[in-house]
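Visitor: Below is a structure I'd like to ask you about.
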Amino acid sequence: MKIKKNIALSDTGFVFNPASGDSFSVNPIGLEIMKLLQENKGHEVIKKHLLETYSVDKDTIEKDFYDFAKMLEQFKVTETDEKKES
Amino acid sequence: MKKLQYERPLIQRLNTGLMNKFGMKTEYTPHTHIDEVSVKSLIKEFGSPLFVISEKTIRNTYKEANRAFKTRYPKVQFAWSYKTNYINAVCNVFHQEGSWAEVVSGFEYHKALNNGVPGSKIIFNGPDKSEDDLRAAINNESPIHIDHLDELYHLNELAVEMNKRPKVAIRVNMDTGVYPMWDRFGFNYENGQAWDAINKIILADKLDLVGLHSHIGTFMLSPSAYGVAASKLSDLALGIKKKYKKNILYLDMGGGFASKNTLKGSFLQGVDTNPNFDQFAEAISTAILNAGFGTDELPLLVLETGRALIDDAGYLLGSVISNKRLSDGRRATILDFGVNVMFTSFWYDHKISPAQDFGNYTEDSVLYGPLCMNIDVIREHITLPPLKRNDHVVVHTVGAYNMTQWMQFIALRPAVVMIDMKNKIHLIRKRENLEYLEACEVKPDYLKSFKL
């Protein structure tokens with residue numbers, strides 16, 4: 001999963017899709033995940049980073065990351081590379 | 001290195017152009033303490049969910065109501081409405097403050113007696129009083145509020161048989177300009193039923209008619225309706241004085257004052273819009289004082305308000321069981337308490353606060369209870385920060401009716417604690433267990449065993 005190239009991501013958590021005109025807000029941890037996705041980091045790397053950085057257990061990360069990734073897909077801010085991610 | 005506090009990642013689409021009637025955010029501060037006792041420690045000691053009653057809030061609210069009426073009318077008496085919350089510790093706080101008792105069933109009547117309320121200070125209301133109940137009330141000289149003619153005739157018979165003169169009032173229903181009009185209880189004012197009952201009582205001369213009672217509705221948002229009711233009861237009392245030369249000793253205006261909860265469908269928050277005690281007191285006392293009573297004939301004003309006196313003092317603490325996303329993308333949070341213990345969630349959009357620190361981000365959510373029933377919805381729409389499993393929440397303003405209308409359905413009823421004036425915690429009702437649940441069951445011998 002990658003963030004689409006045209007998506008604008010501000011440091012304050014404002015997300016803008018110039019193609020559709022949609023705008024979004026993300027919380028700090030959501031922003032961190034999106035930035036890592038922009039850097040082409042894989043899911044497992046991101047989850048490991050979150051686990052090391054935040055006071056949270058692995059199951060919660062797994063569940064919340066899955067949910068967040070699905071929301072990014074639903075809001076069409078990602079381009080999914082099934083082969084690479086599966 | 002210390003790890004950072006975790007918050008679930010969150011993305012929300014920003015909508016422009018349309019106003020959000022729910023506002024951007026509902027809760028800005030976590031509710032971590034109740035009367036200086038931490039929510040976390042309460043749940044740790046007594047489990048989750050847990051009802052918490054603040055004695056301080058009860059007494060302050062009572063004093064506020066008492067002040068509102070006593071500064072406007074010389075003779076005021078509150079009677080604690082047992083059906084609103086009949087946990088003995090709660091009742092006794094009101095009795096310590098000076099409240100009589102107002103009951104609507106035999107078991108409530110005996111609860112009040114057991115609590116030490118003198119029989120003459122227990123008002124017995126309701127359409128279903130058994131013969132045993134009536135005999136007890138007659139013997140204890142409790143004011144019996146007659147609901148229907150069958151009860152009136154029954155009391156006449158008992159008065160003769162027991163050679164006593166029961167103290168009675170009649171309940172009067174009337175049009176006060178509000179909808180729905182409650183006409184199922186008592187005798188109607190407009191069509192002459194009330195006068196018919198009064199004539200029957202006074203001319204039969206077996207019962208002592210001491211009062212007149214009305215209870216015009218529930219969660220009333222219009223104080224002026226009480227003004228109309230007080231005028232009509234005063235008119236009856238003055239009519240009785242004129243026709244029979246008999247003074248009515250008290251006018252009982254019942255209850256029904258709205259609390260600070262927000263009714264479902266309301267645009268504005270109840271705490272901002274619902275009338276306060278001063279507004280109800282002004283409407284009622286003005287109507288009675290202007291009715292034409294002589295200064296030495298003013299009847300005692302009895303008030304049976306329950307909800308408005310106890311709702312604010314009750315909290316329900318609970319925990320998050322899980323989060324999930326619904327098929328339409330909405331966030332759903334499952335809590336460990338449902339409509340089984342929070343009956344009032346059918347009527348109100350309760351204020352619900354997280355009990356721990358949270359960030360600046362919130363999301364729209366549905367709150368479900370733990371029951372395996374589709375109707376178990378606590379809030380159909382609420383804006384809350386991301387809650388995670390085992391986080392705690394505080395539901396506000398749940399003191400009225402929940403601890404009497406709660407159901408033992410799927411889950412057992414939780415414990416209730418009271419925080420006293422010195423912030424000391426008292427367990428006032430134990431958490432139910434299977435033994436309690438099965439105590440009333442009887443298993444026939446032939447059903448005691450089986451082979452599978």
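Quick note on naming: the chains in the structure tokens go A, B, ... in the order shown, residues restart at 1 in each chain, and ligands are numbered from 1 in order of appearance.
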Per residue of chain B within 6 Å of chain A, which atom pair is closest and at what distance in Å (one decimal), using only C-alpha atoms, listed by chain and increasing number, as CSV?
Guide:
residue,atom,partner,partner_atom,distance
B:Lys3,CA,A:Tyr54,CA,4.9
B:Leu4,CA,A:Tyr54,CA,4.6
B:Gln5,CA,A:Ser55,CA,5.6
B:Tyr6,CA,A:Tyr54,CA,5.4
B:Pro9,CA,A:Gly30,CA,4.3
B:Leu10,CA,A:Val26,CA,5.5
B:Ile11,CA,A:Val26,CA,4.4
B:Gln12,CA,A:Phe24,CA,5.4
B:Arg13,CA,A:Phe24,CA,4.3
B:Leu14,CA,A:Phe24,CA,5.0
Visitor: For region 22-87 of chain B against region 298-309 of chain B, with a cut-off of 6 Å and counting only C-alpha atoms, what is the closest atom pair and its distance in Å to one decimal for every residue that makes the cut, ordered by chain and number, as CSV?
Guide:
residue,atom,partner,partner_atom,distance
B:Thr61,CA,B:Leu309,CA,5.9
B:Lys75,CA,B:Leu300,CA,5.0
B:Val76,CA,B:Leu301,CA,4.8
B:Gln77,CA,B:Val302,CA,4.8
B:Phe78,CA,B:Leu303,CA,4.8
B:Ala79,CA,B:Glu304,CA,5.0
B:Trp80,CA,B:Glu304,CA,6.0
B:Ser81,CA,B:Gly306,CA,5.2
B:Thr84,CA,B:Gly306,CA,5.7
Visitor: What residues in region 95-307 of chain B get the DSSP label strand (DSSP E)? Please answer as a PyMOL selection string.
Guide: chain B and resi 100-103+122-124+144-146+167-173+187-188+208-213+250-252+300-303
Visitor: If you run DSSP on this backbone, which residues of chain A come out as alpha helix (DSSP H), and could you give them as a PyMOL selection string?
Guide: chain A and resi 28-38+43-53+58-74+82-85
Visitor: Put those residues in a file: N, CA and C atoms, as a short mmCIF file (atom, residue, chain, number, x, y, z; two decimals), in the first residue's frame.
Guide:
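Saved as part07.cif:
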data_model
loop_
_atom_site.label_atom_id
_atom_site.label_comp_id
_atom_site.auth_asym_id
_atom_site.auth_seq_id
_atom_site.Cartn_x
_atom_site.Cartn_y
_atom_site.Cartn_z
N PRO A 28 -2.19 12.65 15.15
CA PRO A 28 -0.72 12.56 15.01
C PRO A 28 -0.22 11.16 14.65
N ILE A 29 -0.79 10.14 15.24
CA ILE A 29 -0.29 8.79 14.94
C ILE A 29 -0.71 8.37 13.53
N GLY A 30 -1.89 8.84 13.11
CA GLY A 30 -2.33 8.58 11.73
C GLY A 30 -1.40 9.26 10.73
N LEU A 31 -1.00 10.48 11.08
CA LEU A 31 -0.09 11.23 10.21
C LEU A 31 1.26 10.51 10.11
N GLU A 32 1.72 9.99 11.24
CA GLU A 32 3.00 9.28 11.27
C GLU A 32 2.94 8.06 10.33
N ILE A 33 1.82 7.34 10.40
CA ILE A 33 1.67 6.16 9.55
C ILE A 33 1.65 6.57 8.07
N MET A 34 0.91 7.63 7.76
CA MET A 34 0.82 8.06 6.35
C MET A 34 2.18 8.50 5.82
N LYS A 35 2.94 9.18 6.68
CA LYS A 35 4.28 9.62 6.24
C LYS A 35 5.19 8.42 5.99
N LEU A 36 5.09 7.41 6.83
CA LEU A 36 5.91 6.20 6.64
C LEU A 36 5.49 5.47 5.36
N LEU A 37 4.16 5.48 5.09
CA LEU A 37 3.69 4.87 3.85
C LEU A 37 4.20 5.64 2.64
N GLN A 38 4.26 6.98 2.78
CA GLN A 38 4.80 7.82 1.69
C GLN A 38 6.26 7.46 1.42
N HIS A 43 4.15 -2.62 5.69
CA HIS A 43 3.27 -2.70 6.86
C HIS A 43 3.98 -3.20 8.11
N GLU A 44 4.74 -4.27 7.93
CA GLU A 44 5.39 -4.88 9.10
C GLU A 44 6.38 -3.93 9.75
N VAL A 45 7.08 -3.18 8.92
CA VAL A 45 8.07 -2.21 9.43
C VAL A 45 7.34 -1.13 10.25
N ILE A 46 6.23 -0.67 9.69
CA ILE A 46 5.48 0.40 10.36
C ILE A 46 4.94 -0.11 11.70
N LYS A 47 4.36 -1.30 11.68
CA LYS A 47 3.78 -1.85 12.92
C LYS A 47 4.87 -2.03 13.98
N LYS A 48 6.04 -2.47 13.54
CA LYS A 48 7.15 -2.67 14.49
C LYS A 48 7.56 -1.33 15.10
N HIS A 49 7.61 -0.32 14.24
CA HIS A 49 7.97 1.03 14.71
C HIS A 49 6.96 1.53 15.76
N LEU A 50 5.67 1.32 15.47
CA LEU A 50 4.63 1.78 16.40
C LEU A 50 4.75 1.05 17.74
N LEU A 51 5.00 -0.23 17.64
CA LEU A 51 5.11 -1.05 18.85
C LEU A 51 6.28 -0.59 19.73
N GLU A 52 7.35 -0.18 19.06
CA GLU A 52 8.53 0.28 19.81
C GLU A 52 8.35 1.69 20.37
N THR A 53 7.53 2.49 19.68
CA THR A 53 7.40 3.90 20.06
C THR A 53 6.31 4.15 21.10
N LYS A 58 0.70 -5.69 20.83
CA LYS A 58 0.78 -6.08 19.42
C LYS A 58 -0.60 -6.29 18.80
N ASP A 59 -1.51 -6.92 19.56
CA ASP A 59 -2.85 -7.19 19.03
C ASP A 59 -3.59 -5.90 18.70
N THR A 60 -3.45 -4.92 19.58
CA THR A 60 -4.14 -3.64 19.34
C THR A 60 -3.59 -2.97 18.09
N ILE A 61 -2.25 -2.98 17.96
CA ILE A 61 -1.63 -2.40 16.77
C ILE A 61 -2.14 -3.09 15.51
N GLU A 62 -2.17 -4.41 15.56
CA GLU A 62 -2.60 -5.21 14.41
C GLU A 62 -4.02 -4.80 13.99
N LYS A 63 -4.90 -4.74 14.99
CA LYS A 63 -6.32 -4.43 14.74
C LYS A 63 -6.49 -2.99 14.24
N ASP A 64 -5.85 -2.05 14.93
CA ASP A 64 -6.02 -0.64 14.58
C ASP A 64 -5.37 -0.30 13.25
N PHE A 65 -4.22 -0.93 12.98
CA PHE A 65 -3.53 -0.66 11.71
C PHE A 65 -4.38 -1.16 10.55
N TYR A 66 -4.96 -2.34 10.70
CA TYR A 66 -5.82 -2.91 9.67
C TYR A 66 -6.99 -1.96 9.40
N ASP A 67 -7.60 -1.49 10.48
CA ASP A 67 -8.77 -0.60 10.35
C ASP A 67 -8.38 0.71 9.66
N PHE A 68 -7.23 1.26 10.06
CA PHE A 68 -6.78 2.54 9.49
C PHE A 68 -6.47 2.37 7.99
N ALA A 69 -5.80 1.27 7.67
CA ALA A 69 -5.44 1.01 6.27
C ALA A 69 -6.71 0.88 5.42
N LYS A 70 -7.73 0.23 5.97
CA LYS A 70 -9.00 0.08 5.25
C LYS A 70 -9.66 1.45 5.02
N MET A 71 -9.55 2.32 6.02
CA MET A 71 -10.13 3.66 5.89
C MET A 71 -9.39 4.46 4.81
N LEU A 72 -8.05 4.30 4.75
CA LEU A 72 -7.28 4.99 3.72
C LEU A 72 -7.71 4.52 2.34
N GLU A 73 -7.94 3.23 2.24
CA GLU A 73 -8.40 2.66 0.96
C GLU A 73 -9.76 3.23 0.60
N GLN A 74 -10.66 3.22 1.61
CA GLN A 74 -12.04 3.68 1.38
C GLN A 74 -12.08 5.14 0.96
N GLU A 82 -1.29 -5.02 -4.66
CA GLU A 82 -1.68 -6.26 -3.98
C GLU A 82 -0.52 -7.24 -3.87
N LYS A 83 0.21 -7.38 -4.99
CA LYS A 83 1.27 -8.39 -5.00
C LYS A 83 2.33 -8.09 -3.95
N LYS A 84 2.68 -6.79 -3.90
CA LYS A 84 3.76 -6.40 -2.99
C LYS A 84 3.35 -6.57 -1.52
N GLU A 85 2.06 -6.22 -1.23
CA GLU A 85 1.63 -6.21 0.16
C GLU A 85 1.21 -7.57 0.68
#
Visitor: Name all residues at most 10 Å from Val90 (chain B) (count only C-alpha atoms; drop same-chain ones fewer than 5 positions away) and give them as an MDAnalysis selection string.
Guide: chainID B and resid 53:55 58 80 82 85 95 310 399 418 428
Visitor: Write a file of the just-selected residues containing N, CA and C atoms, as a PDB file, in the first residue's frame.
Guide:
ATOM      1  N   ILE B  53     -23.425   6.977  43.486  1.00  0.00           N
ATOM      2  CA  ILE B  53     -24.328   8.048  43.922  1.00  0.00           C
ATOM      3  C   ILE B  53     -23.516   9.056  44.739  1.00  0.00           C
ATOM      4  N   SER B  54     -23.678  10.327  44.417  1.00  0.00           N
ATOM      5  CA  SER B  54     -23.002  11.374  45.180  1.00  0.00           C
ATOM      6  C   SER B  54     -23.977  11.937  46.217  1.00  0.00           C
ATOM      7  N   GLU B  55     -23.693  11.644  47.490  1.00  0.00           N
ATOM      8  CA  GLU B  55     -24.565  12.157  48.569  1.00  0.00           C
ATOM      9  C   GLU B  55     -24.553  13.687  48.575  1.00  0.00           C
ATOM     10  N   ILE B  58     -26.960  14.981  46.056  1.00  0.00           N
ATOM     11  CA  ILE B  58     -28.359  14.825  46.496  1.00  0.00           C
ATOM     12  C   ILE B  58     -28.714  15.958  47.449  1.00  0.00           C
ATOM     13  N   TRP B  80     -40.402  11.984  49.332  1.00  0.00           N
ATOM     14  CA  TRP B  80     -39.496  11.308  48.396  1.00  0.00           C
ATOM     15  C   TRP B  80     -40.234  10.221  47.618  1.00  0.00           C
ATOM     16  N   TYR B  82     -40.485   7.061  46.050  1.00  0.00           N
ATOM     17  CA  TYR B  82     -39.713   5.822  46.158  1.00  0.00           C
ATOM     18  C   TYR B  82     -39.447   5.163  44.806  1.00  0.00           C
ATOM     19  N   ASN B  85     -36.058   6.009  42.960  1.00  0.00           N
ATOM     20  CA  ASN B  85     -34.845   5.316  43.427  1.00  0.00           C
ATOM     21  C   ASN B  85     -35.116   4.863  44.858  1.00  0.00           C
ATOM     22  N   HIS B  95     -34.827  11.444  53.631  1.00  0.00           N
ATOM     23  CA  HIS B  95     -35.562  11.534  54.903  1.00  0.00           C
ATOM     24  C   HIS B  95     -34.774  12.378  55.907  1.00  0.00           C
ATOM     25  N   ILE B 310     -32.815  13.577  42.050  1.00  0.00           N
ATOM     26  CA  ILE B 310     -31.802  12.509  42.176  1.00  0.00           C
ATOM     27  C   ILE B 310     -31.003  12.292  40.893  1.00  0.00           C
ATOM     28  N   GLY B 399     -29.320   9.006  37.972  1.00  0.00           N
ATOM     29  CA  GLY B 399     -29.800   8.658  39.323  1.00  0.00           C
ATOM     30  C   GLY B 399     -31.267   8.273  39.386  1.00  0.00           C
ATOM     31  N   MET B 418     -22.165   4.652  47.293  1.00  0.00           N
ATOM     32  CA  MET B 418     -22.459   6.061  47.577  1.00  0.00           C
ATOM     33  C   MET B 418     -21.188   6.728  48.088  1.00  0.00           C
ATOM     34  N   ILE B 428     -23.724   0.384  48.795  1.00  0.00           N
ATOM     35  CA  ILE B 428     -25.118   0.454  49.262  1.00  0.00           C
ATOM     36  C   ILE B 428     -26.003  -0.591  48.579  1.00  0.00           C
TER      37      ILE B 428
END
Visitor: Residues at most 12 Å from Asp296 (chain B), counting only C-alpha atoms, excluding those fewer than 5 positions away in the same chain, as a PyMOL selection string?
Guide: chain B and resi 74-75+247-249+289
Visitor: Once you have the residues from the selection above, write them out as a CSV table (one decimal), in the first residue's frame, restricted to C-alpha atoms.
Guide:
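Generated file (again_10.csv):
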chain,number,residue,atom,x,y,z
B,74,PRO,CA,-44.9,29.5,53.5
B,75,LYS,CA,-45.9,25.8,53.9
B,247,ASN,CA,-60.6,23.1,54.9
B,248,ILE,CA,-58.4,21.0,52.6
B,249,LEU,CA,-55.2,20.6,54.5
B,289,LEU,CA,-51.3,32.4,46.5
Visitor: Which neighbours of Gly126 (chain B) fall inside 7 Å, counting only C-alpha atoms, when residues of the same chain fewer than 3 positions from it are skipped, and could you give them as a ChimeraX atom specification?
Guide: /B:104-105,129,147
Visitor: I'd like to know which of B:Ala411, B:Ala225, B:Met253, B:Ala136 is closest to Gln279 (chain B), using only C-alpha atoms.
Guide: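 Of B:Ala411, B:Ala225, B:Met253, B:Ala136, the one nearest Gln279 (chain B), counting only C-alpha atoms, is B:Ala225.
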Visitor: Under the rule that only C-alpha atoms are counted, which of B:Val398, B:Ile198, B:Leu203, B:Leu371 is the nearest residue to Asp349 (chain B)?
Guide: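 For Asp349 (chain B), the nearest of the candidates is B:Val398.
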Visitor: Using only C-alpha atoms, can you tell me which of B:Leu236, B:Val366, B:Ile122, B:Val442 comes closest to Lys324 (chain B)?
Guide: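 That would be B:Val366, the residue with the smallest distance to Lys324 (chain B).
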Visitor: Enter the distance from CA of Asn261 (chain B) to CA of Thr397 (chain B), in Å, rounded to one decimal.
Guide: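 Spanning CA of Asn261 (chain B) to CA of Thr397 (chain B) is a straight-line distance of 6.6 Å.
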Visitor: Neighbours of Arg59 (chain B) within 8 Å (only C-alpha atoms; same-chain residues fewer than 4 positions away dropped), as a compact mmCIF listing (two decimals) with C-alpha atoms, in the first residue's frame?
Guide:
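To be explicit, this is the file written out as out_3.txt:
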# COMPACT_ATOMS: atom_id res chain seq x y z
CA GLU B 55 -24.57 12.16 48.57
CA LYS B 63 -31.51 22.27 49.38
CA VAL B 93 -30.59 10.82 52.69
CA PHE B 94 -33.87 12.43 51.61
CA GLU B 97 -33.19 16.24 54.78
Visitor: Would you mind reading off the distance between CA of Val394 (chain B) and CA of Thr57 (chain B), one decimal, in Å?
Guide: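 Separating CA of Val394 (chain B) from CA of Thr57 (chain B) is a distance of 16.1 Å.
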Visitor: Can you measure CA of Lys351 (chain B) to CA of Leu268 (chain B) for me? One decimal in Å is fine.
Guide: 12.6 Å
Visitor: Can you pull out every residue within 7 Å of Pro18 (chain A), counting only C-alpha atoms, but drop anything in the same chain fewer than 2 positions away, and send it as a ChimeraX atom specification?
Guide: /A:6-7,16,20-21
Visitor: Can you write just those residues out, N, CA and C atoms, as a tab-separated table (two decimals), in the first residue's frame?
Guide:
chain	number	residue	atom	x	y	z
A	6	ASN	N	-0.10	12.32	-5.59
A	6	ASN	CA	-0.63	13.69	-5.61
A	6	ASN	C	-1.22	14.13	-4.26
A	7	ILE	N	-1.25	13.23	-3.29
A	7	ILE	CA	-1.87	13.58	-2.00
A	7	ILE	C	-0.94	14.53	-1.22
A	16	PHE	N	-4.98	16.55	1.72
A	16	PHE	CA	-5.78	17.08	0.60
A	16	PHE	C	-5.53	16.24	-0.65
A	20	SER	N	-9.67	14.87	-6.39
A	20	SER	CA	-11.11	14.79	-6.06
A	20	SER	C	-11.61	16.03	-5.31
A	21	GLY	N	-10.68	16.78	-4.74
A	21	GLY	CA	-11.07	17.94	-3.92
A	21	GLY	C	-11.37	17.57	-2.48
Visitor: Which residue is closest to Lys167 (chain B)? Choose from B:Met181, B:Met373, B:Leu212, B:Ile352 and count only C-alpha atoms.
Guide: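 The answer is B:Leu212, which sits nearest to Lys167 (chain B).
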